[in-house]
$ cat model19.txt   # compact mmCIF, C-alpha atoms
# COMPACT_ATOMS: atom_id res chain seq x y z
CA MET A 15 17.04 -0.32 -31.77
CA GLU A 16 13.36 -0.06 -32.78
CA GLU A 17 12.49 -1.49 -29.35
CA GLU A 18 14.03 1.48 -27.55
CA ASN A 19 11.47 3.68 -25.81
CA LYS A 20 8.63 1.93 -27.62
CA VAL A 21 5.53 1.57 -25.44
CA THR A 22 2.80 -0.94 -26.20
CA LEU A 23 -0.36 -1.58 -24.20
CA HIS A 24 -2.22 -4.86 -24.55
CA GLY A 25 -5.83 -4.40 -23.42
CA THR A 26 -9.48 -4.86 -24.20
CA TRP A 27 -12.01 -2.07 -24.73
CA PHE A 28 -14.11 -3.19 -21.76
CA SER A 29 -11.38 -3.93 -19.22
CA PRO A 30 -11.44 -1.32 -16.43
CA TYR A 31 -7.87 -2.38 -15.59
CA ALA A 32 -6.65 -1.63 -19.11
CA LYS A 33 -8.58 1.66 -19.00
CA ARG A 34 -6.55 2.69 -15.95
CA VAL A 35 -3.30 2.26 -17.82
CA GLU A 36 -4.66 4.04 -20.89
CA LEU A 37 -5.66 6.99 -18.73
CA ALA A 38 -2.24 7.10 -17.09
CA LEU A 39 -0.41 7.03 -20.42
CA LYS A 40 -2.65 9.69 -21.98
CA LEU A 41 -2.46 11.97 -18.95
CA LYS A 42 1.31 11.90 -19.12
CA GLY A 43 1.27 12.35 -22.88
CA ILE A 44 3.22 9.15 -23.49
CA PRO A 45 2.91 7.91 -27.07
CA PHE A 46 2.00 4.24 -27.23
CA GLU A 47 0.71 1.52 -29.50
CA TYR A 48 -2.51 -0.10 -28.39
CA VAL A 49 -3.20 -3.77 -29.09
CA GLU A 50 -6.78 -4.95 -28.65
CA GLU A 51 -6.76 -8.52 -27.35
CA ASP A 52 -9.47 -11.08 -27.96
CA LEU A 53 -9.72 -12.86 -24.59
CA LYS A 54 -11.26 -15.94 -26.25
CA ASN A 55 -8.25 -16.13 -28.54
CA LYS A 56 -5.30 -14.64 -26.67
CA SER A 57 -2.34 -13.60 -28.74
CA PRO A 58 0.91 -15.57 -28.36
CA LEU A 59 2.50 -12.27 -27.33
CA LEU A 60 0.09 -11.81 -24.44
CA LEU A 61 0.74 -15.36 -23.22
CA LYS A 62 4.47 -14.73 -23.50
CA TYR A 63 4.30 -11.38 -21.72
CA ASN A 64 1.98 -12.44 -18.89
CA PRO A 65 2.45 -16.16 -18.35
CA VAL A 66 1.37 -15.99 -14.69
CA TYR A 67 -2.12 -14.51 -15.21
CA LYS A 68 -2.56 -14.49 -19.02
CA LYS A 69 -4.60 -11.31 -18.61
CA VAL A 70 -4.74 -7.73 -19.75
CA PRO A 71 -3.44 -5.12 -19.26
CA VAL A 72 0.19 -5.67 -20.05
CA LEU A 73 2.51 -2.75 -20.70
CA VAL A 74 5.61 -3.39 -22.77
CA HIS A 75 8.38 -0.81 -22.58
CA ASN A 76 11.75 -1.29 -24.23
CA GLY A 77 10.72 -4.87 -24.95
CA LYS A 78 10.10 -5.62 -21.26
CA PRO A 79 6.59 -6.54 -20.08
CA ILE A 80 4.81 -5.46 -16.90
CA ALA A 81 1.46 -6.88 -15.74
CA GLU A 82 -1.04 -5.82 -13.03
CA SER A 83 -2.49 -2.32 -13.41
CA PHE A 84 -1.14 -1.07 -10.05
CA CYS A 85 2.40 -2.13 -10.83
CA ILE A 86 2.12 -0.60 -14.29
CA ILE A 87 0.84 2.76 -13.01
CA GLU A 88 3.57 3.04 -10.36
CA TYR A 89 6.11 2.13 -13.05
CA ILE A 90 4.73 4.83 -15.36
CA ASP A 91 4.92 7.43 -12.57
CA GLU A 92 8.52 6.48 -11.75
CA THR A 93 9.70 6.35 -15.35
CA TRP A 94 8.01 9.42 -16.80
CA LYS A 95 8.38 12.10 -14.17
CA ASN A 96 6.47 14.84 -16.02
CA SER A 97 3.21 16.24 -14.71
CA PRO A 98 0.75 15.08 -13.58
CA GLN A 99 2.37 13.13 -10.78
CA LEU A 100 0.08 10.17 -10.34
CA LEU A 101 1.10 9.60 -6.72
CA PRO A 102 1.89 12.41 -4.27
CA GLU A 103 5.42 13.13 -3.06
CA ASP A 104 4.97 12.74 0.69
CA PRO A 105 5.28 9.11 1.98
CA TYR A 106 2.25 9.37 4.29
CA LYS A 107 0.07 10.82 1.51
CA ARG A 108 1.35 8.10 -0.82
CA ALA A 109 0.33 5.51 1.76
CA LYS A 110 -3.18 6.97 1.98
CA VAL A 111 -3.53 7.01 -1.79
CA ARG A 112 -2.32 3.40 -2.06
CA PHE A 113 -4.68 2.34 0.74
CA TRP A 114 -7.74 3.84 -0.95
CA SER A 115 -6.67 2.61 -4.39
CA SER A 116 -6.56 -0.86 -2.92
CA PHE A 117 -9.98 -0.34 -1.33
CA ILE A 118 -11.54 0.75 -4.63
CA HIS A 119 -9.79 -2.06 -6.52
CA GLN A 120 -10.62 -4.90 -4.15
CA GLN A 121 -13.64 -4.00 -2.07
CA LEU A 122 -15.67 -1.76 -4.36
CA TYR A 123 -14.97 -3.62 -7.54
CA GLU A 124 -15.93 -6.97 -6.05
CA ALA A 125 -19.07 -5.49 -4.48
CA MET A 126 -20.15 -3.98 -7.81
CA LEU A 127 -19.54 -7.22 -9.67
CA THR A 128 -21.63 -9.14 -7.12
CA VAL A 129 -24.53 -6.70 -7.59
CA MET A 130 -24.20 -6.96 -11.36
CA LYS A 131 -24.42 -10.75 -11.28
CA ALA A 132 -27.19 -11.23 -8.71
CA ALA A 133 -30.96 -10.98 -8.67
CA GLY A 134 -33.76 -10.93 -6.12
CA GLU A 135 -32.82 -11.34 -2.48
CA ALA A 136 -29.17 -11.98 -3.27
CA GLN A 137 -28.99 -8.75 -5.20
CA GLY A 138 -30.70 -6.88 -2.39
CA LYS A 139 -28.04 -8.08 0.01
CA ALA A 140 -25.26 -7.25 -2.45
CA ILE A 141 -26.63 -3.75 -3.04
CA LYS A 142 -26.71 -3.09 0.70
CA GLU A 143 -23.06 -4.10 0.92
CA LEU A 144 -22.10 -1.96 -2.05
CA LEU A 145 -23.88 1.08 -0.61
CA GLU A 146 -22.13 0.55 2.74
CA LYS A 147 -18.74 0.42 1.03
CA LEU A 148 -19.54 3.54 -0.96
CA GLN A 149 -20.25 5.29 2.34
CA VAL A 150 -16.87 4.16 3.66
CA LEU A 151 -15.23 5.64 0.56
CA GLU A 152 -17.32 8.83 0.90
CA GLU A 153 -15.97 9.25 4.45
CA GLY A 154 -12.43 8.47 3.40
CA MET A 155 -12.47 11.01 0.59
CA LYS A 156 -13.30 13.85 3.00
CA ASP A 157 -9.61 13.75 3.93
CA PHE A 158 -8.63 14.37 0.32
CA PHE A 159 -11.27 16.98 -0.49
CA PRO A 160 -11.78 18.95 2.73
CA ASN A 161 -13.63 21.70 0.86
CA GLY A 162 -16.16 19.22 -0.47
CA THR A 163 -15.94 20.10 -4.17
CA PRO A 164 -13.17 18.30 -6.05
CA SER A 165 -11.76 20.34 -8.87
CA ILE A 166 -10.16 17.94 -11.29
CA SER A 167 -8.06 18.79 -14.31
CA ASN A 168 -5.54 16.99 -16.48
CA ARG A 169 -2.84 18.52 -14.32
CA ASN A 170 -4.02 17.15 -10.96
CA MET A 171 -5.63 13.87 -11.94
CA GLY A 172 -3.88 11.10 -10.03
CA ILE A 173 -4.09 7.41 -9.32
CA LEU A 174 -7.22 7.71 -7.14
CA GLU A 175 -9.07 9.53 -9.91
CA ILE A 176 -7.85 6.88 -12.35
CA MET A 177 -9.11 4.09 -10.06
CA ILE A 178 -12.56 5.59 -9.41
CA CYS A 179 -12.97 6.57 -13.05
CA SER A 180 -12.17 3.09 -14.34
CA LEU A 181 -14.66 1.49 -11.96
CA LEU A 182 -17.49 3.99 -11.57
CA GLY A 183 -17.03 6.45 -14.46
CA PRO A 184 -19.90 4.75 -16.30
CA TYR A 185 -22.05 4.62 -13.13
CA LYS A 186 -25.17 5.89 -14.90
CA LEU A 187 -24.98 2.99 -17.33
CA GLN A 188 -24.34 0.53 -14.51
CA GLU A 189 -27.37 1.91 -12.65
CA GLU A 190 -29.45 1.41 -15.80
CA VAL A 191 -28.53 -2.27 -15.93
CA ILE A 192 -28.83 -3.10 -12.22
CA GLY A 193 -32.00 -1.02 -11.88
CA ILE A 194 -31.01 1.00 -8.85
CA LYS A 195 -29.25 4.31 -8.18
CA ILE A 196 -26.00 3.96 -6.30
CA ILE A 197 -24.35 7.38 -6.72
CA GLY A 198 -26.12 10.67 -6.10
CA PRO A 199 -25.83 14.16 -4.63
CA GLU A 200 -27.82 13.15 -1.54
CA LYS A 201 -26.37 9.78 -0.68
CA THR A 202 -22.78 10.23 -1.89
CA PRO A 203 -22.30 13.97 -2.50
CA LEU A 204 -18.51 13.89 -2.57
CA ILE A 205 -18.17 10.84 -4.83
CA PHE A 206 -20.93 12.28 -7.05
CA SER A 207 -19.21 15.63 -7.57
CA TRP A 208 -15.83 13.91 -7.90
CA LEU A 209 -17.08 11.61 -10.69
CA THR A 210 -18.91 14.49 -12.36
CA ALA A 211 -15.71 16.52 -12.45
CA ILE A 212 -13.68 13.57 -13.77
CA ASN A 213 -16.26 12.65 -16.43
CA GLU A 214 -16.23 16.23 -17.72
CA LEU A 215 -12.59 16.02 -18.81
CA PRO A 216 -12.25 15.76 -22.60
CA LEU A 217 -9.57 13.08 -22.14
CA VAL A 218 -11.95 10.89 -20.12
CA LYS A 219 -14.79 11.42 -22.60
CA GLU A 220 -12.44 10.51 -25.43
CA LEU A 221 -11.42 7.23 -23.81
CA ALA A 222 -14.93 6.16 -22.82
CA PRO A 223 -16.26 3.42 -25.10
CA PRO A 224 -19.63 4.04 -26.87
CA GLN A 225 -22.45 3.94 -24.29
CA ASP A 226 -24.60 1.41 -26.12
CA LYS A 227 -21.65 -0.96 -26.41
CA THR A 228 -21.00 -0.71 -22.66
CA VAL A 229 -24.67 -1.23 -21.75
CA ALA A 230 -24.88 -4.24 -24.08
CA LEU A 231 -21.82 -5.77 -22.45
CA LEU A 232 -23.06 -5.16 -18.89
CA LYS A 233 -26.43 -6.70 -19.78
CA PHE A 234 -24.65 -9.68 -21.33
CA VAL A 235 -22.47 -10.20 -18.24
CA ARG A 236 -25.55 -10.00 -16.00
CA GLU A 237 -27.73 -12.31 -18.07
CA ASN A 238 -24.94 -14.83 -18.39
CA ALA A 239 -24.34 -14.87 -14.64
CA LEU A 240 -28.04 -15.18 -13.83
CA LYS A 241 -28.44 -18.02 -16.33
CA SER A 242 -25.57 -20.06 -14.91
CA SER A 243 -26.63 -19.47 -11.30
CA SER A 244 -30.16 -20.71 -11.96
CA ALA A 245 -29.08 -23.74 -14.05
CA MET B 12 12.53 9.68 18.92
CA GLU B 13 10.61 8.10 16.08
CA GLU B 14 7.66 6.89 18.18
CA VAL B 15 6.61 4.13 15.89
CA LYS B 16 4.04 1.60 16.99
CA VAL B 17 3.19 -1.62 15.21
CA LEU B 18 -0.04 -3.44 15.88
CA GLY B 19 0.20 -7.11 14.96
CA SER B 20 -1.19 -10.43 16.04
CA TRP B 21 1.14 -13.36 16.61
CA PRO B 22 1.88 -15.35 14.49
CA SER B 23 0.49 -13.45 11.50
CA PRO B 24 3.09 -13.26 8.73
CA TYR B 25 1.57 -9.93 7.67
CA GLY B 26 2.52 -8.47 11.03
CA TYR B 27 5.96 -10.05 10.88
CA ARG B 28 6.61 -8.42 7.48
CA VAL B 29 6.32 -5.00 9.05
CA GLN B 30 8.50 -5.89 12.02
CA TRP B 31 11.17 -7.43 9.77
CA ALA B 32 11.25 -4.31 7.60
CA LEU B 33 11.73 -2.02 10.60
CA GLU B 34 14.35 -4.32 12.14
CA LEU B 35 16.29 -4.53 8.88
CA LYS B 36 16.38 -0.75 8.75
CA GLY B 37 17.30 -0.36 12.40
CA VAL B 38 14.14 1.59 13.25
CA GLU B 39 12.96 1.43 16.85
CA TYR B 40 9.32 0.63 17.42
CA GLU B 41 6.89 -0.54 20.04
CA TYR B 42 5.10 -3.76 19.21
CA ILE B 43 1.55 -4.27 20.41
CA ASP B 44 -0.01 -7.71 20.07
CA GLU B 45 -3.71 -7.77 19.32
CA ASP B 46 -6.25 -10.40 20.29
CA LEU B 47 -8.34 -10.54 17.14
CA PHE B 48 -11.30 -11.95 19.06
CA ASN B 49 -11.18 -8.94 21.35
CA LYS B 50 -9.89 -6.02 19.30
CA SER B 51 -8.50 -3.08 21.19
CA ASP B 52 -9.90 0.43 20.95
CA MET B 53 -6.55 1.39 19.51
CA LEU B 54 -6.91 -1.02 16.60
CA LEU B 55 -10.47 0.10 15.90
CA LYS B 56 -9.36 3.73 16.04
CA TYR B 57 -6.32 3.28 13.80
CA ASN B 58 -7.89 0.95 11.23
CA PRO B 59 -11.59 1.77 11.23
CA VAL B 60 -12.09 0.65 7.63
CA HIS B 61 -10.84 -2.94 7.90
CA LYS B 62 -10.24 -3.40 11.66
CA LYS B 63 -7.28 -5.65 10.80
CA ILE B 64 -3.62 -5.91 11.57
CA PRO B 65 -0.97 -4.93 10.80
CA VAL B 66 -1.19 -1.20 11.43
CA LEU B 67 1.74 1.16 11.73
CA VAL B 68 1.32 4.31 13.77
CA ARG B 69 3.77 7.20 13.60
CA HIS B 70 3.29 10.73 14.90
CA GLY B 71 -0.27 9.74 15.74
CA LYS B 72 -1.06 8.90 12.10
CA SER B 73 -1.88 5.36 11.06
CA ILE B 74 -1.26 3.25 8.00
CA ALA B 75 -2.96 -0.07 7.29
CA GLU B 76 -2.42 -2.89 4.72
CA SER B 77 0.96 -4.58 4.98
CA ALA B 78 1.97 -3.90 1.36
CA VAL B 79 1.17 -0.21 1.82
CA ILE B 80 3.05 -0.12 5.15
CA LEU B 81 6.13 -1.72 3.60
CA GLU B 82 6.25 0.94 0.87
CA TYR B 83 5.86 3.66 3.51
CA ILE B 84 8.71 2.20 5.56
CA GLU B 85 10.91 2.02 2.47
CA GLU B 86 10.22 5.64 1.57
CA THR B 87 10.54 7.01 5.11
CA TRP B 88 13.71 5.16 6.10
CA PRO B 89 15.75 4.71 2.91
CA GLN B 90 18.73 3.00 4.60
CA ASN B 91 19.20 -0.70 3.74
CA PRO B 92 16.84 -0.46 0.77
CA LEU B 93 14.29 -3.23 0.33
CA LEU B 94 13.36 -2.35 -3.24
CA PRO B 95 15.67 -2.09 -6.26
CA LYS B 96 16.42 1.34 -7.74
CA ASP B 97 15.48 0.46 -11.30
CA PRO B 98 11.76 1.13 -12.06
CA TYR B 99 11.37 -2.11 -14.01
CA GLU B 100 12.88 -4.21 -11.22
CA ARG B 101 10.64 -2.39 -8.74
CA ALA B 102 7.59 -3.20 -10.89
CA MET B 103 8.63 -6.88 -10.85
CA ALA B 104 9.01 -6.81 -7.05
CA ARG B 105 5.55 -5.27 -6.65
CA PHE B 106 4.15 -7.85 -9.07
CA TRP B 107 5.36 -10.73 -6.90
CA ILE B 108 4.19 -9.16 -3.64
CA ASN B 109 0.78 -8.66 -5.25
CA PHE B 110 0.81 -12.26 -6.51
CA VAL B 111 1.32 -13.77 -3.09
CA ASP B 112 -1.23 -11.39 -1.52
CA ASN B 113 -3.83 -12.14 -4.18
CA LYS B 114 -6.45 -13.99 -2.21
CA ASP B 115 -7.61 -16.02 -5.19
CA LYS B 116 -4.07 -17.20 -5.81
CA ALA B 117 -3.46 -17.88 -2.11
CA ALA B 118 -6.78 -19.68 -1.50
CA PRO B 119 -5.36 -23.18 -2.12
CA ILE B 120 -2.88 -22.66 0.72
CA VAL B 121 -5.73 -22.00 3.13
CA THR B 122 -7.59 -25.10 1.93
CA PHE B 123 -4.36 -27.10 2.23
CA PHE B 124 -4.35 -26.12 5.87
CA ILE B 125 -8.00 -26.59 6.82
CA GLY B 126 -9.48 -28.70 4.02
CA VAL B 127 -10.23 -32.42 4.01
CA GLY B 128 -10.79 -35.21 1.48
CA GLU B 129 -11.06 -34.38 -2.22
CA GLU B 130 -10.94 -30.65 -1.53
CA HIS B 131 -7.65 -31.13 0.26
CA LYS B 132 -6.15 -33.24 -2.54
CA LYS B 133 -7.04 -30.54 -5.06
CA ALA B 134 -5.63 -27.80 -2.82
CA THR B 135 -2.39 -29.76 -2.43
CA GLU B 136 -1.92 -29.89 -6.20
CA GLU B 137 -2.79 -26.21 -6.59
CA THR B 138 -0.37 -25.23 -3.84
CA LYS B 139 2.37 -27.17 -5.62
CA GLU B 140 1.60 -25.23 -8.83
CA LEU B 141 1.82 -21.96 -6.92
CA LEU B 142 5.16 -22.94 -5.42
CA LYS B 143 6.44 -23.96 -8.85
CA ILE B 144 5.72 -20.46 -10.15
CA LEU B 145 7.55 -18.95 -7.19
CA GLU B 146 10.46 -21.36 -7.54
CA GLU B 147 10.97 -20.87 -11.27
CA GLN B 148 9.76 -17.39 -12.06
CA ALA B 149 9.95 -15.34 -8.90
CA LEU B 150 13.11 -16.73 -7.29
CA GLY B 151 14.97 -18.37 -10.16
CA GLU B 152 18.73 -18.54 -9.68
CA LYS B 153 18.88 -15.83 -7.04
CA LYS B 154 19.80 -16.33 -3.40
CA TYR B 155 16.93 -14.12 -2.25
CA PHE B 156 13.85 -12.90 -4.11
CA GLY B 157 15.48 -9.49 -3.79
CA GLY B 158 18.77 -10.68 -5.32
CA ASP B 159 21.93 -10.90 -3.22
CA GLU B 160 20.25 -9.19 -0.30
CA ILE B 161 16.89 -9.63 1.40
CA GLY B 162 14.22 -7.37 -0.11
CA MET B 163 10.55 -6.58 0.21
CA VAL B 164 9.52 -9.65 -1.78
CA ASP B 165 11.41 -11.90 0.65
CA LEU B 166 9.46 -10.36 3.53
CA ALA B 167 6.21 -11.03 1.65
CA MET B 168 7.32 -14.64 1.19
CA GLY B 169 8.13 -14.96 4.89
CA TRP B 170 5.11 -17.23 5.47
CA MET B 171 7.07 -19.96 3.69
CA ALA B 172 9.67 -19.86 6.45
CA TYR B 173 7.21 -21.53 8.80
CA PHE B 174 5.08 -23.40 6.29
CA GLY B 175 6.76 -26.56 7.62
CA VAL B 176 4.59 -26.39 10.74
CA ILE B 177 1.45 -26.52 8.61
CA GLU B 178 2.87 -29.49 6.71
CA GLU B 179 3.55 -31.19 10.05
CA ILE B 180 -0.01 -30.69 11.28
CA VAL B 181 -1.64 -31.72 8.02
CA ASP B 182 0.89 -34.56 7.67
CA VAL B 183 1.55 -33.77 4.02
CA LYS B 184 4.97 -32.61 2.85
CA ILE B 185 5.14 -30.49 -0.32
CA LEU B 186 7.98 -28.03 0.12
CA ASP B 187 10.82 -30.53 0.18
CA ALA B 188 14.37 -30.09 -1.13
CA GLU B 189 13.82 -32.52 -4.01
CA SER B 190 10.67 -30.92 -5.43
CA PHE B 191 11.60 -27.30 -4.73
CA PRO B 192 15.37 -27.07 -4.29
CA ARG B 193 15.56 -23.32 -4.72
CA LEU B 194 12.69 -22.48 -2.38
CA HIS B 195 14.05 -24.95 0.13
CA ALA B 196 17.46 -23.26 0.02
CA TRP B 197 15.77 -19.87 0.29
CA ILE B 198 13.98 -20.92 3.46
CA GLN B 199 17.27 -21.96 5.05
CA ASN B 200 18.94 -18.68 4.05
CA PHE B 201 15.99 -16.56 5.13
CA ARG B 202 15.69 -18.24 8.52
CA ALA B 203 19.46 -17.94 9.08
CA HIS B 204 19.60 -14.21 8.33
CA PRO B 205 20.71 -12.44 11.56
CA VAL B 206 17.70 -10.10 11.68
CA ILE B 207 15.09 -12.69 10.72
CA LYS B 208 16.57 -15.38 12.99
CA SER B 209 15.74 -13.41 16.13
CA ASN B 210 12.26 -12.52 14.86
CA LEU B 211 10.66 -15.82 14.00
CA PRO B 212 7.74 -17.46 15.78
CA ASP B 213 8.71 -20.35 18.03
CA HIS B 214 8.12 -23.75 16.41
CA ASP B 215 6.44 -25.44 19.36
CA LYS B 216 4.17 -22.46 20.06
CA LEU B 217 3.21 -22.38 16.36
CA LEU B 218 2.39 -26.09 16.45
CA VAL B 219 0.00 -25.55 19.35
CA SER B 220 -1.55 -22.40 17.86
CA TYR B 221 -2.05 -23.75 14.34
CA THR B 222 -3.38 -27.07 15.61
CA GLN B 223 -5.97 -25.18 17.65
CA LYS B 224 -6.91 -23.01 14.65
CA ARG B 225 -7.29 -26.03 12.42
CA GLN B 226 -9.47 -27.83 14.91
CA MET B 227 -11.58 -24.72 15.22
CA PHE B 228 -12.20 -24.66 11.46
CA LEU B 229 -12.77 -28.39 11.20
CA GLY B 230 -15.11 -28.30 14.16
CA SER B 231 -17.20 -25.50 12.67
CA THR B 232 -17.81 -27.39 9.44
CA THR B 233 -18.87 -30.69 10.95
CA THR B 234 -21.96 -29.48 12.88

$ encode --input "model19.txt" --output "structure tokens"
Amino acid sequence: MEEENKVTLHGTWFSPYAKRVELALKLKGIPFEYVEEDLKNKSPLLLKYNPVYKKVPVLVHNGKPIAESFCIIEYIDETWKNSPQLLPEDPYKRAKVRFWSSFIHQQLYEAMLTVMKAAGEAQGKAIKELLEKLQVLEEGMKDFFPNGTPSISNRNMGILEIMICSLLGPYKLQEEVIGIKIIGPEKTPLIFSWLTAINELPLVKELAPPQDKTVALLKFVRENALKSSSA
Amino acid sequence: MEEVKVLGSWPSPYGYRVQWALELKGVEYEYIDEDLFNKSDMLLKYNPVHKKIPVLVRHGKSIAESAVILEYIEETWPQNPLLPKDPYERAMARFWINFVDNKDKAAPIVTFFIGVGEEHKKATEETKELLKILEEQALGEKKYFGGDEIGMVDLAMGWMAYFGVIEEIVDVKILDAESFPRLHAWIQNFRAHPVIKSNLPDHDKLLVSYTQKRQMFLGSTTT
């Protein structure tokens, strides 16, 4: 009986995937218990709930686990139908939103990670690719924001905002670590104003981890990758 | 008149997924086969971001990415549903479609097809592990991945229905009835389904096509 309607999220403070689910739950005002996982010492529960990937995030609702942030967010939208609706109503608009979510998740995320972990010529090449992909996204978003200035609030934040926020919300910190600007009002005006609007929301500010902690982690990831690639 | 077009490229299972979904729902469409070495203006126009198939075009508007297209088809033509009604069951279905589309997870299958030597041995073992997960966790005791009826997950697993041709070419058998009884039974059921039966690539043509592809890959790595 205690299991009924109970929502638990297993995540880590630095996982952008877990952040997506957190944002979705908070936006919908769904009460949940958060369990911070230590990925070097995964809890038996996590291994039981996600035997296929053994990763975070995992959402547990009514004792039943769901893994993969996309699947979880669609589940949340279908189960808790209160505002904001994370995906639009119309099937064609839903398809567009899913397409771009997938683009941000696969293409952009991978490109950013490659830049983060590379140096010298390899990094130069990776940065070029990342900037190209950002331009593709910039073009794609014109469809969604025909007026050019996204106005984002807790009531209209949806899955695309969640995706871009989880990846590029901390873009200034990422730029600090990789040593190059990737988002800006000249190069990516739409993405820039979109992220600015999203980052202004109190909910987003509240969920952002401390800046120094994030920078330290990004630097650690980068140094680690550079060390092992030059070994 | 629905005026639906599907751009695919024989024998891509991603293209077949879309066709199967439309056929199962009784939706009329025009199929256009693309030569991926000579992409049509239509393909470049309708999928400028990835320039890949499949693409579905309806009322002049295009949708790319097979998983996205399948969801669109399900939502637009709700007859003969391919997803369960229950949100949890739907999440599970999406999980398994995502699993099989995950390129890191699927990489061993590609290496099983075009790899050689030690690399190939490793890929064979990894492919067996993948199939074990599908056999035990995704399919389990059910007739289809979707339950009693074919569902979206079955369409995503359609590549298994002609995996036998790859095994023939590589001369290594993994998906046999003894090692994977449930998957083996699924393949028979899937291939026998009235809609799927008339929409499967011809065995002999596949043998020729896949042999050519494999030689192409092997050739390019030996220079």

$ interface_residues --input "model19.txt" --of "chain B" --to "chain A" --cutoff "8 Å" --atoms "only C-alpha atoms" --output "PyMOL selection string"
chain B and resi 60+74-76+79-80+82-83+86-87+98-99+101-103+105-106+144

$ closest_residue --input "model19.txt" --among "B:Gly162, B:Gly37, B:Pro89, B:Gly26" --to "Pro65 (chain B)" --atoms "all atoms listed in the file"
B:Gly26

$ closest_residue --input "model19.txt" --among "A:Met130, A:Val35, A:Leu122, A:Leu101" --to "Ala239 (chain A)" --atoms "all atoms listed in the file"
A:Met130

$ axis_aligned_box --input "model19.txt" --around "region 165-175 of chain A" --padding-each-side "5 Å" --output "lines of an AutoDock Vina configuration file"
center_x = -7.3
center_y = 13.9
center_z = -11.8
size_x = 18.9
size_y = 22.9
size_z = 19.3

$ residues_around --input "model19.txt" --residues "Tyr40 (chain B)" --least-positions-apart "6" --cutoff "10 Å" --atoms "only C-alpha atoms" --output "list in words"
Met12, Glu13, Glu14, Val15, Lys16, Val17, Gln30, Leu33, Glu34, Leu67, Val68 and Arg69 of chain B

$ residues_around --input "model19.txt" --residues "region 50-57 of chain B" --least-positions-apart "2" --cutoff "9 Å" --atoms "all atoms listed in the file" --output "PyMOL selection string"
chain B and resi 18+45-48+59-64+66-68+72-75

$ write_last_selection --input "model19.txt" --atoms "C-alpha atoms" --output "short mmCIF file (atom, residue, chain, number, x, y, z; two decimals), in the frame of the given file"
data_model
loop_
_atom_site.label_atom_id
_atom_site.label_comp_id
_atom_site.auth_asym_id
_atom_site.auth_seq_id
_atom_site.Cartn_x
_atom_site.Cartn_y
_atom_site.Cartn_z
CA LEU B 18 -0.04 -3.44 15.88
CA GLU B 45 -3.71 -7.77 19.32
CA ASP B 46 -6.25 -10.40 20.29
CA LEU B 47 -8.34 -10.54 17.14
CA PHE B 48 -11.30 -11.95 19.06
CA PRO B 59 -11.59 1.77 11.23
CA VAL B 60 -12.09 0.65 7.63
CA HIS B 61 -10.84 -2.94 7.90
CA LYS B 62 -10.24 -3.40 11.66
CA LYS B 63 -7.28 -5.65 10.80
CA ILE B 64 -3.62 -5.91 11.57
CA VAL B 66 -1.19 -1.20 11.43
CA LEU B 67 1.74 1.16 11.73
CA VAL B 68 1.32 4.31 13.77
CA LYS B 72 -1.06 8.90 12.10
CA SER B 73 -1.88 5.36 11.06
CA ILE B 74 -1.26 3.25 8.00
CA ALA B 75 -2.96 -0.07 7.29
#

$ residues_around --input "model19.txt" --residues "region 176-181 of chain A" --least-positions-apart "3" --cutoff "6 Å" --atoms "all atoms listed in the file" --output "compact mmCIF listing (two decimals) with C-alpha atoms, in the frame of the given file"
# COMPACT_ATOMS: atom_id res chain seq x y z
CA PRO A 30 -11.44 -1.32 -16.43
CA ARG A 34 -6.55 2.69 -15.95
CA ILE A 173 -4.09 7.41 -9.32

$ residues_around --input "model19.txt" --residues "Pro223 (chain A)" --least-positions-apart "2" --cutoff "8 Å" --atoms "only C-alpha atoms" --output "list in words"
Trp27, Phe28, Leu221, Gln225, Lys227 and Thr228 of chain A

$ closest_residue --input "model19.txt" --among "B:Asp187, B:Glu137, B:Glu178, B:Asp44" --to "Asp115 (chain B)" --atoms "all atoms listed in the file"
B:Glu137

$ residues_around --input "model19.txt" --residues "Lys139 (chain B)" --least-positions-apart "3" --cutoff "12 Å" --atoms "all atoms listed in the file" --output "JSON, numbers by chain"
{"B": [116, 117, 119, 120, 123, 132, 133, 134, 135, 136, 142, 143, 144, 145, 146, 183, 184, 185, 186, 187, 190, 191, 194]}

$ build_atoms --input "model19.txt" --residues "region 92-97 of chain B" --atoms "N, CA and C atoms" --output "compact mmCIF listing (two decimals), in the coordinates of the input"
# COMPACT_ATOMS: atom_id res chain seq x y z
N PRO B 92 18.02 -0.43 1.64
CA PRO B 92 16.84 -0.46 0.77
C PRO B 92 16.29 -1.87 0.56
N LEU B 93 14.95 -1.95 0.52
CA LEU B 93 14.29 -3.23 0.33
C LEU B 93 13.71 -3.37 -1.06
N LEU B 94 13.81 -2.30 -1.84
CA LEU B 94 13.36 -2.35 -3.24
C LEU B 94 14.52 -1.94 -4.13
N PRO B 95 14.59 -2.52 -5.34
CA PRO B 95 15.67 -2.09 -6.26
C PRO B 95 15.46 -0.63 -6.68
N LYS B 96 16.54 -0.04 -7.27
CA LYS B 96 16.42 1.34 -7.74
C LYS B 96 15.72 1.41 -9.09
N ASP B 97 15.99 0.42 -9.93
CA ASP B 97 15.48 0.46 -11.30
C ASP B 97 13.96 0.29 -11.33
